[in-house]
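Colleague: Got a structure here, written out as structure tokens. Questions coming.
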Amino acid sequence: MFNYFRQLFGKQDQPEGIATAPLSDQAIRTIIEQQPQRIEPAQLAAGCGQSVGKQRELNEDSLLSVTSLLSGNSGTLPFGLYVVADGMGGHQFGEVASNAAVRIVAGHILRKFHPYLFNLPAQPPEESLQEIMSESVNEAQKTIQREAPGSGTTLTAALVLGQQVTIAHIGDSRAYTVNPDGRIELITRDHSLVRRLEELGQLTSSEAASHPQRNVLYRALGQGDVLEPDIFTVTFPQPGYLLLCSDGLWGVVNEQNLYRSITETSSLQRACQNMVAAANAAGGPDNISVILVQLLG
Amino acid sequence: MTLVERYTIQEVIGVGGMGSVYRARDLHFPNVVKLVAVKEMVNTAPDPLVRKTIVQNFEREANILATLTHPGIPRIYDYFSLDNRSYLVLEFVNGRDLEKILNETDGFIMEDQVLSWTIGLCDVLDFLHNHSPDPIIFRDMKPSNVMVNQHGHIVLIDFGIAKTFQTGQKGTMIGTEGYSPPEQYRGEATPLADIYALGATVHHILTRRDPRQEPPFSFADRPIQKINPGVSSDLVAVIEKALQYNPEDRFKDTSEMKEALLSVARKTGALSRIAVSTAVQNSGVKPLWIFTCEDEIRGAPTYYEGTVYVGSYDNNLYALNAADGQFLWKYPSEGGLVTKPAVYEGNLYFGSEDYSLHVVSARSGKKLWTYETKGPIRSSPRISEGHIFFGSDDECLHAVNLTTGRASWVFEASDYVRSSPFVSSELVYFGCESGDFYAVDFKGQLKWRSLAKRAITSSPTVVEQAVYFSSVDGMFYALDSRNGWAIWRFRLGKGSVVSPCAADNLVFTGSADGFIYAIEIQSAREVWRFKTEHQVCGSPVIYKDSLYCGSVDGTIYCLEYRTGRLRWQYATQAPITGTPLVYDDIVYIGSTDRNLYALLA
């Protein structure tokens, strides 16, 4: 009888010292699908990672991550701003440029949203999301040209408001959407010569990957008279992630390994550390910056 | 200094990558001053094999030139080598090259002038490309390689010295050739590459923007008229075609490009100096049938089971056989009809300026019931979830139950509602003449509102999570459909009452400025615009890979929707303000000339 009850309610004795086998992707997917994902109120969560890499002396990357939430009777407003900038080596003050870009862009955007987020009554800005992004980039361009002439930086900035992700992008840092089923979609377009030739069908992707000029940019913040950032709006991947990174990550870690780094842990912060570690393990030829964002609920 | 005891060097007139070009006097003509250009090539390659190849290439160039006779190509007189130097002796062109001309000119060079140079360059390229046995590809078209001689004629200089692409360094801006097409970076040089480079050269001259200082292949980012509004749209179209990324999208050869330039010249009057053949294009579109009403047709037709229904300002709703336009029946209302009838389960629903919504049998035209509002109805009804939604000049949006014929609710707006509502994700979206834009839920509760600076007559359309519409304030709006946040705004030339439509990642609209626009949905970039001869008030529709839209100029246009290229056009007798209907490869369009036309799509 005792045995019968033990069978029903008792715990099997676990032999000690045996680690739990990591869940397979399939198993994780099944769990994610079965989990009641309801999180109230809907909110953003973000993790970051950064490393100078194994071969550079100086970190010329800059990143910024702001995550906020306003929720109450008047509704729920997840608001986030995420920026990665990669100052250009070979130019003077690459790190000055990337730092300036991140601060000025973020400062401009947050000033524009301040009356909407923190004033009473709330005043929505008159400009559209894309106009605000565009102004912030132009302001950064002017400042960099004035403060650090000759320098340049990439900039990939994502403004999240509700479900809309508005992206401003120049250079070859990248933004991806990562779907739970393993699909990783590049949503920005590298402003690199090789990439341009690839887009136009003049190079295959394998030719591009080994092309001697693959690091040459034709557009960067701080460079040139006319600045034409790519500005566009997409819907936040849900379920899924938004990933922003510099070429120190995407240039050395392939999408499959990025996906594995993200899904083998449940914490966004840990996932970012994993990605940085993967880039360093692959030689860490360049500075590495990464931001991973999730919209929950 | 005198070379081979014959050519006395007078002046350096150019310095190139491998040597210089001199002006020299030919001493074989002692009694006259015969000037020649001497092009020197210094061969400093350390490898003997490379050195030999370089000399052979130079010789080949000399041999090519020797076979060419054309007023736009310098004659070659002599070729010789001395030590590690080789020389070409060429006709001396007394003039300036286009780069110099550009640098010495303030402001923009006249379009007529540029046009005549471009036609001349087409001529030379055409001559080279038709060279036999093998076509000659110039490969290096750019302003500094085009001379304008003392007679004002162009001469192409600097033939065929292949330029290798410079390897850039990490982080440095590339100094590309700027004028070369994408395929040339793969080593492909075809006549189409010269067409691109010619387009690039003309773009540089018209805009004064040096492509060597811009991202490669970025001409589309610097629209000519944005920089130099004085250039005619026709010339812009030619240059843009020459500058297409894909060689197959460019002119198929230089003679086709020349033909296009000549027709621009004909139009702008620059033709007076250029001889032309006349060939007028007529698209020869003939209607399948025409049906005439007693007054203007301002609204859009509807198709249902082999029948076309259209309202007219003569108060009648007409039912016509779609195949031959034969009259089946008409239903008289008490006011003008400008709305597009909606069909649901065999019944037709349409508003009239007699203040009423009419419901009639689609088959017989028999009246089933009516619903009265307090103002003329100019908003077309939408049917969803057992309800019919429409606006009225009584400043309300009405939600009428289909089975009872009674209002489930009425939403009070702040002015006339002439915009036709759009229903998506349990929200009803519509604009108002006050400039307000509303999103109302199925209970008639306001979900959110947004404000334009002037009336929103345009009917919204929702694609994924954004709602699109235009306003008389001259803006085209993309709002977050869930909360009304402005994602982007696109400035039109003038106000607009046009209702947008979408396909792929493009949204299409028109404006009182006369243009039909295609705008990229994610980035708000203009992909193309097409100029009609008057305001665009009717709305575009997409069918297969074409866009159909009428204009107040009286014409219905069929454009390729991805490129904006004109497929055909058909002129009616009076302004078109309605929206076409395309069904089964037939376009039905009403005109204020009182006719409904059926045209082959």
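Every chain in the structure tokens takes a letter, A first, then B, and so on in the order presented; its residues are numbered from 1, and the ligands are numbered from 1 following the presented order.
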Using the chain letters and numbers from this document, which residues of range 128-277 of chain A does DSSP assign to helix (DSSP H, G or I), as a ChimeraX atom specification?

Modeller: /A:129-147,193-199,205-209,247-250,255-263,268-277

Colleague: Each residue of range 122-228 of chain A lying at most 12 Å from range 95-108 of chain A should get a row with its shortest atom-to-atom pair and the distance in Å to one decimal, counting only C-alpha atoms; could you produce that, ordered by chain and increasing number, as a tab-separated table?

Modeller:
residue	atom	partner	partner_atom	distance
A:Glu131	CA	A:His108	CA	11.7
A:Ile132	CA	A:His108	CA	8.1
A:Met133	CA	A:Val105	CA	7.9
A:Ser134	CA	A:Val105	CA	9.4
A:Glu135	CA	A:His108	CA	8.0
A:Ser136	CA	A:Val105	CA	4.8
A:Val137	CA	A:Val105	CA	6.0
A:Asn138	CA	A:Val105	CA	8.7
A:Glu139	CA	A:Ile104	CA	7.1
A:Ala140	CA	A:Ala101	CA	5.3
A:Gln141	CA	A:Ala101	CA	7.7
A:Lys142	CA	A:Ala101	CA	10.0
A:Thr143	CA	A:Ala100	CA	7.6
A:Ile144	CA	A:Ala97	CA	6.0
A:Gln145	CA	A:Ala97	CA	9.0
A:Arg146	CA	A:Ala97	CA	10.6
A:Glu147	CA	A:Ala97	CA	8.5
A:Ala148	CA	A:Ala97	CA	6.6
A:Pro149	CA	A:Ala97	CA	9.1
A:Gly150	CA	A:Ala97	CA	9.5
A:Ser151	CA	A:Ala97	CA	6.2
A:Gly152	CA	A:Ala97	CA	5.9
A:Thr153	CA	A:Ser98	CA	5.4
A:Thr154	CA	A:Ser98	CA	7.3
A:Leu155	CA	A:Ala101	CA	7.3
A:Thr156	CA	A:Val102	CA	9.3
A:Ala157	CA	A:Val105	CA	8.3
A:Ala158	CA	A:Ala106	CA	10.2
A:Leu159	CA	A:Ala106	CA	9.5
A:Ile167	CA	A:Val105	CA	12.0
A:Ala168	CA	A:Val105	CA	9.9
A:His169	CA	A:Val105	CA	11.6
A:Ile170	CA	A:Ala101	CA	11.2
A:Gly171	CA	A:Ser98	CA	11.8
A:Ser173	CA	A:Ser98	CA	11.7
A:Ala220	CA	A:Ala97	CA	10.4
A:Leu221	CA	A:Ala101	CA	7.9
A:Gly222	CA	A:Ala97	CA	7.5
A:Gln223	CA	A:Ala97	CA	10.6

Colleague: How close does each residue of chain A get to chain B, giving the shortest atom pair and distance in Å to one decimal for every residue with an atom at most 8 Å away, counting only C-alpha atoms, sorted by chain and residue number, as CSV?

Modeller:
residue,atom,partner,partner_atom,distance
A:Met88,CA,B:Gly171,CA,5.5
A:Gly89,CA,B:Gly171,CA,5.6
A:Gly90,CA,B:Gly171,CA,5.6
A:His91,CA,B:Gly171,CA,7.0
A:Glu127,CA,B:Ala486,CA,7.4
A:Ser128,CA,B:Ala486,CA,4.6
A:Leu129,CA,B:Ile487,CA,5.0
A:Gln130,CA,B:Trp488,CA,5.4
A:Glu131,CA,B:Trp488,CA,6.8
A:Gln164,CA,B:Asp480,CA,7.6
A:Thr166,CA,B:Ile487,CA,8.0
A:Leu193,CA,B:Pro216,CA,7.6
A:Leu197,CA,B:Pro182,CA,6.6
A:Leu200,CA,B:Tyr245,CA,6.9
A:Gln202,CA,B:Glu183,CA,6.0
A:Leu203,CA,B:Arg186,CA,7.9
A:Pro212,CA,B:Thr167,CA,7.5
A:Gln213,CA,B:Gly168,CA,6.1
A:Asn215,CA,B:Lys170,CA,5.3
A:Val216,CA,B:Lys170,CA,5.4
A:Leu217,CA,B:Met173,CA,6.2
A:Tyr218,CA,B:Pro215,CA,5.2
A:Arg219,CA,B:Pro215,CA,6.7
A:Gly224,CA,B:Glu214,CA,7.9
A:Asp230,CA,B:Ser523,CA,7.4
A:Ile231,CA,B:Ser523,CA,5.6
A:Phe232,CA,B:Ser523,CA,4.0
A:Thr233,CA,B:Gln522,CA,5.2
A:Val234,CA,B:Gln522,CA,6.7
A:Thr235,CA,B:Gln465,CA,7.5

Colleague: Pick out the residues sitting within 12 Å of Lys453 in chain B, and hand them over as a PyMOL selection string; count only C-alpha atoms, and ignore anything fewer than 4 positions along from it in its own chain.

Modeller: (chain A and resi 126) or (chain B and resi 432-437+470-477+495)

Colleague: Please provide as a count of residues only all residues within 8 Å of range 581-593 of chain B, with the sequence filter that same-chain residues fewer than 2 positions apart are discarded (counting only C-alpha atoms).

Modeller: 28

Colleague: Just asking: which residues within range 340-479 of chain B are strand (DSSP E) according to DSSP, as an MDAnalysis selection string?

Modeller: chainID B and resid 342:344 347:351 356:361 367:372 382:384 387:391 396:401 407:412 422:424 427:431 436:441 446:451 461:463 466:470 475:479

Colleague: Ranking A:Ala209, A:Leu58, A:Leu242, A:Val252 by minimum distance to Leu292 in chain A and counting only C-alpha atoms, which one comes first?

Modeller: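 Of the candidates, the smallest distance to Leu292 in chain A is held by A:Leu242.
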
Colleague: Applying 12 Å and only C-alpha atoms, which residues near Gly182 in chain A remain after dropping the ones on its own chain fewer than 2 positions away? List them as a ChimeraX atom specification.

Modeller: /A:25-26,28-29,177-180,184-185,239-241,255-263

Colleague: With C-alpha atoms retained, export the selected residues as a PDB file, in the first residue's frame.

Modeller:
ATOM      1  CA  ASP A  25      15.408  23.660 -29.938  1.00  0.00           C
ATOM      2  CA  GLN A  26      12.346  21.637 -30.731  1.00  0.00           C
ATOM      3  CA  ILE A  28      12.067  24.907 -26.346  1.00  0.00           C
ATOM      4  CA  ARG A  29       9.828  25.793 -29.211  1.00  0.00           C
ATOM      5  CA  THR A 177      14.175  40.364 -36.465  1.00  0.00           C
ATOM      6  CA  VAL A 178      14.568  36.964 -34.857  1.00  0.00           C
ATOM      7  CA  ASN A 179      11.602  34.619 -34.964  1.00  0.00           C
ATOM      8  CA  PRO A 180      11.166  31.782 -32.456  1.00  0.00           C
ATOM      9  CA  ILE A 184      16.503  35.516 -38.737  1.00  0.00           C
ATOM     10  CA  GLU A 185      15.633  38.345 -41.048  1.00  0.00           C
ATOM     11  CA  PRO A 239       6.776  36.467 -30.540  1.00  0.00           C
ATOM     12  CA  GLY A 240      10.424  37.091 -31.287  1.00  0.00           C
ATOM     13  CA  TYR A 241      13.254  39.523 -30.849  1.00  0.00           C
ATOM     14  CA  GLU A 255      22.930  33.621 -38.191  1.00  0.00           C
ATOM     15  CA  GLN A 256      22.568  30.048 -37.036  1.00  0.00           C
ATOM     16  CA  ASN A 257      24.974  30.618 -34.176  1.00  0.00           C
ATOM     17  CA  LEU A 258      23.338  33.931 -33.308  1.00  0.00           C
ATOM     18  CA  TYR A 259      20.042  32.116 -33.054  1.00  0.00           C
ATOM     19  CA  ARG A 260      21.569  29.422 -30.884  1.00  0.00           C
ATOM     20  CA  SER A 261      23.147  32.000 -28.557  1.00  0.00           C
ATOM     21  CA  ILE A 262      19.786  33.693 -28.170  1.00  0.00           C
ATOM     22  CA  THR A 263      17.694  30.603 -27.549  1.00  0.00           C
TER      23      THR A 263
END

Colleague: Distance CA of Ala503 in chain B-CA of Lys531 in chain B, one decimal place?

Modeller: 20.2 Å

Colleague: Taking into account only C-alpha atoms, which residue in the set B:Val400, B:Val93, B:Ile119, B:Val236 is nearest to Asn145 in chain B?

Modeller: B:Val93
